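I have placed the structure first, in the form of structure tokens, so that the comments after it can refer back to it.
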Amino acid sequence: MPPGTIALPSVPLRTYPGVHLPMPLESYVFDPMRWDFDICFAQTTTLLVEFGIWLRKMRGTPLLCVNTTHLAAAYDVLLPERISRIGAVHTVLHKTLRAPMERLFVDLYNQGDGLVVLSEGLRDYWRDRGVKVPIHVIPRMVPEDVFDRSLGPDPYAPLLEERGLDVRGPRFVCAGRHTREKSQHRLIRIFAEHIAPNHPQATLTLVGDGPDSAAYAALARELGVARRVIFTGEVPYSRISDYYRHATAFLHVSLSETFGNVLSEALWCGSPTVAFADGMGVSSQIQSGHNGLLLEPGRGALAEDKANAAFANAALALARDPAAAARLGGAAAQRARERSSPVVVQRMLANAFVNAREHAAQSGIRPLVEGPKALQWLETFRHFRSWVGFTGGLFAFGHLRPAAAPRPKGIQPSFCA
């Protein structure tokens with residue numbers, strides 16, 4: 001780790017290999033005088049934020065929180081497939097988990113000096129639920145050294161040639177983790193039912209890997225499009241831009257994005273894009289008809305069928321009108337640089353830091369380290385009890401859904417994190 005890094009004790013989250021949940025398992029964590037910071041930037045959606053609130057009370061350290069999770073979609077990620085299909089389960093979870101968690105995090109965020117979110121939709125979501133502190137919309141930055149590199153070899157050509165497919169046909173691409181919440185199963189159905197029958201040379205390439213890869217491959221076989229649906233597995237992150245740039249269009253059907261890293265990358269690379277409006281991260285990045293095409297996803301089986309057909313028609317229209325696709329791609333690249341370049345994002349973060357320090361100063365915080373020890377320990381117990389209880393529950397809940405099997409094909413790209 002970089003010099004100056006302080007690592008807290010942690011436990012693994014089984015659902016996501018490599019992800020660990022911090023816990024106050026060592027005595028040094030409890031010493032407020034050890035933590036001498038100018039500001040606490042809490043990039044967490046767990047109750048580690050209690051640690052930041054504790055520091056704010058103990059030492060007057062300004063606290064700027066970050067939320068990147070839409071709670072309406074988050075708990076579904078952890079549920080096994082067979083349980084996720086039961087409507088009553090979602091009703092119960094809304095009452096017993098989602099609604100209480102929303103109230104809890106509203107209370108936590110309001111004990112800080114600001115909240116950073118990734119999209120206007122997520123800002124409105126938290127504002128509607130009662131967050132009163134300043135909310136800053138700051139998108140994730142796109143690494144220029146990766147996505148502004150020179151165009152590399154066409155990655156599709158060898159994949160198509162080995163299957164005996166026409167390399168000149170439309171190449172539709174989707175990138176991301178292969179998990180239920182990303183909805184690649186819906187995209188495969190759209191391709192099989194609406195795109196493939198209307199364009200015999202069209203192909204769909206799914207870049208990435210995940211716990212549902214085998215199920216998606218089986219679905220493609222079941223629908224009779226296995227030859228035209230290509231699974232690349234993991235690819236080196238340094239080469240992902242070639243898949244965006246050599247594609248006819250980037251297709252995105254996920255409705256669970258608070259931002260959408262792969263969408264941001266594709267737009268940066270000038271990929272003509274078709275996506276479903278989610279009211280969150282995707283909707284914040286695409287102005288339909290200007291830098292991409294945004295369609296309503298539909299609610300209910302009949303509406304979804306109509307939405308799927310409309311989505312396919314939009315994708316095919318781009319394949320048949322290269323000039324229109326190029327216009328959308330050019331506008332996409334320009335707007336992505338206006339919103340997500342490192343310089344722009346760093347400036348927005350700096351402004352949020354300044355605002356948080358001003359908010360803390362105006363709040364008149366009296367550090368508890370200047371008061372009685374008994375009060376310090378009472379406050380420590382209150383915040384750390386919640387932290388341990390929530391994280392322990394999440395650790396146990398993470399055992400419900402199996403983890404992705406490791407696949408040593410390449411470097412795990414950032415969108416798989």
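In the structure tokens, chains take the letters A, B, ... in the order shown, each chain's residues start at 1, and ligands count up from 1 in the order shown.
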Handout entry: DSSP-assigned strand (DSSP E) among region 94-145 of chain A, expressed as a ChimeraX atom specification
Key = /A:115-117,135-137
Would you mind exporting N, CA and C atoms of the selected residues as a PDB file, in the first residue's frame?
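Wrote result_19.pdb, looks like this:
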ATOM      1  N   LEU A 115     -22.598  15.312   1.557  1.00  0.00           N
ATOM      2  CA  LEU A 115     -22.745  13.985   0.957  1.00  0.00           C
ATOM      3  C   LEU A 115     -22.414  14.075  -0.524  1.00  0.00           C
ATOM      4  N   VAL A 116     -21.548  13.185  -0.987  1.00  0.00           N
ATOM      5  CA  VAL A 116     -21.195  13.095  -2.407  1.00  0.00           C
ATOM      6  C   VAL A 116     -21.941  11.913  -3.017  1.00  0.00           C
ATOM      7  N   VAL A 117     -22.619  12.156  -4.140  1.00  0.00           N
ATOM      8  CA  VAL A 117     -23.286  11.088  -4.887  1.00  0.00           C
ATOM      9  C   VAL A 117     -22.836  11.165  -6.340  1.00  0.00           C
ATOM     10  N   ILE A 135     -25.555  18.264  -0.716  1.00  0.00           N
ATOM     11  CA  ILE A 135     -25.313  17.070  -1.536  1.00  0.00           C
ATOM     12  C   ILE A 135     -24.611  17.498  -2.817  1.00  0.00           C
ATOM     13  N   HIS A 136     -23.476  16.887  -3.091  1.00  0.00           N
ATOM     14  CA  HIS A 136     -22.661  17.226  -4.258  1.00  0.00           C
ATOM     15  C   HIS A 136     -22.714  16.080  -5.271  1.00  0.00           C
ATOM     16  N   VAL A 137     -23.083  16.378  -6.506  1.00  0.00           N
ATOM     17  CA  VAL A 137     -23.088  15.376  -7.572  1.00  0.00           C
ATOM     18  C   VAL A 137     -21.724  15.405  -8.259  1.00  0.00           C
TER      19      VAL A 137
END
For region 325-370 of chain A versus region 273-282 of chain A, which residues have an atom no more than 12 Å away, and what is each residue's nearest atom pair and distance in Å rounded to one decimal, using only C-alpha atoms, chain-then-number order, as a Markdown table?
| residue | atom | partner | partner_atom | distance |
| --- | --- | --- | --- | --- |
| A:Ala325 | CA | A:Thr273 | CA | 8.5 |
| A:Ala326 | CA | A:Thr273 | CA | 10.6 |
| A:Arg327 | CA | A:Thr273 | CA | 11.2 |
| A:Leu328 | CA | A:Thr273 | CA | 7.8 |
| A:Gly329 | CA | A:Thr273 | CA | 7.6 |
| A:Gly330 | CA | A:Thr273 | CA | 11.2 |
| A:Ala331 | CA | A:Thr273 | CA | 11.0 |
| A:Ala332 | CA | A:Thr273 | CA | 8.5 |
| A:Ala333 | CA | A:Thr273 | CA | 11.1 |
Same residues, C-alpha atoms, output as a short mmCIF file (atom, residue, chain, number, x, y, z; two decimals), in the first residue's frame:
data_model
loop_
_atom_site.label_atom_id
_atom_site.label_comp_id
_atom_site.auth_asym_id
_atom_site.auth_seq_id
_atom_site.Cartn_x
_atom_site.Cartn_y
_atom_site.Cartn_z
CA ALA A 325 -24.19 6.84 -35.16
CA ALA A 326 -21.06 8.93 -35.69
CA ARG A 327 -22.88 12.11 -34.62
CA LEU A 328 -24.04 10.48 -31.41
CA GLY A 329 -20.56 9.08 -30.77
CA GLY A 330 -18.87 12.44 -31.27
CA ALA A 331 -21.26 14.17 -28.88
CA ALA A 332 -20.82 11.33 -26.39
CA ALA A 333 -17.04 11.72 -26.32
#
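In this structure, CA of Ile6 (chain A) sits 28.6 Å away from CA of Gly364 (chain A).
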I need the residues of region 109-174 of chain A that end up classed as helix (DSSP H, G or I) by DSSP on the backbone, written out as a PDB file with C-alpha atoms, in the first residue's frame.
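The resulting selection.pdb:
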ATOM      1  CA  TYR A 109     -25.449  11.498   6.663  1.00  0.00           C
ATOM      2  CA  GLU A 120     -28.665  13.691 -10.008  1.00  0.00           C
ATOM      3  CA  GLY A 121     -31.094  10.805  -9.550  1.00  0.00           C
ATOM      4  CA  LEU A 122     -29.259   9.594  -6.456  1.00  0.00           C
ATOM      5  CA  ARG A 123     -29.151  13.176  -5.141  1.00  0.00           C
ATOM      6  CA  ASP A 124     -32.932  13.444  -5.462  1.00  0.00           C
ATOM      7  CA  TYR A 125     -33.367   9.994  -3.914  1.00  0.00           C
ATOM      8  CA  TRP A 126     -31.582  11.023  -0.712  1.00  0.00           C
ATOM      9  CA  ARG A 127     -33.003  14.530  -0.616  1.00  0.00           C
ATOM     10  CA  ASP A 128     -36.540  13.104  -0.827  1.00  0.00           C
ATOM     11  CA  GLU A 144      -7.209   9.256 -19.677  1.00  0.00           C
ATOM     12  CA  ASP A 145      -4.067   7.129 -19.852  1.00  0.00           C
ATOM     13  CA  VAL A 146      -6.246   4.065 -20.521  1.00  0.00           C
ATOM     14  CA  PHE A 147      -9.034   5.454 -22.693  1.00  0.00           C
ATOM     15  CA  TYR A 156     -13.592  -8.724 -32.841  1.00  0.00           C
ATOM     16  CA  ALA A 157     -12.024  -9.937 -36.091  1.00  0.00           C
ATOM     17  CA  PRO A 158     -10.369 -13.115 -34.718  1.00  0.00           C
ATOM     18  CA  LEU A 159     -13.433 -13.918 -32.597  1.00  0.00           C
ATOM     19  CA  LEU A 160     -15.729 -13.673 -35.610  1.00  0.00           C
ATOM     20  CA  GLU A 161     -13.404 -15.441 -38.023  1.00  0.00           C
TER      21      GLU A 161
END
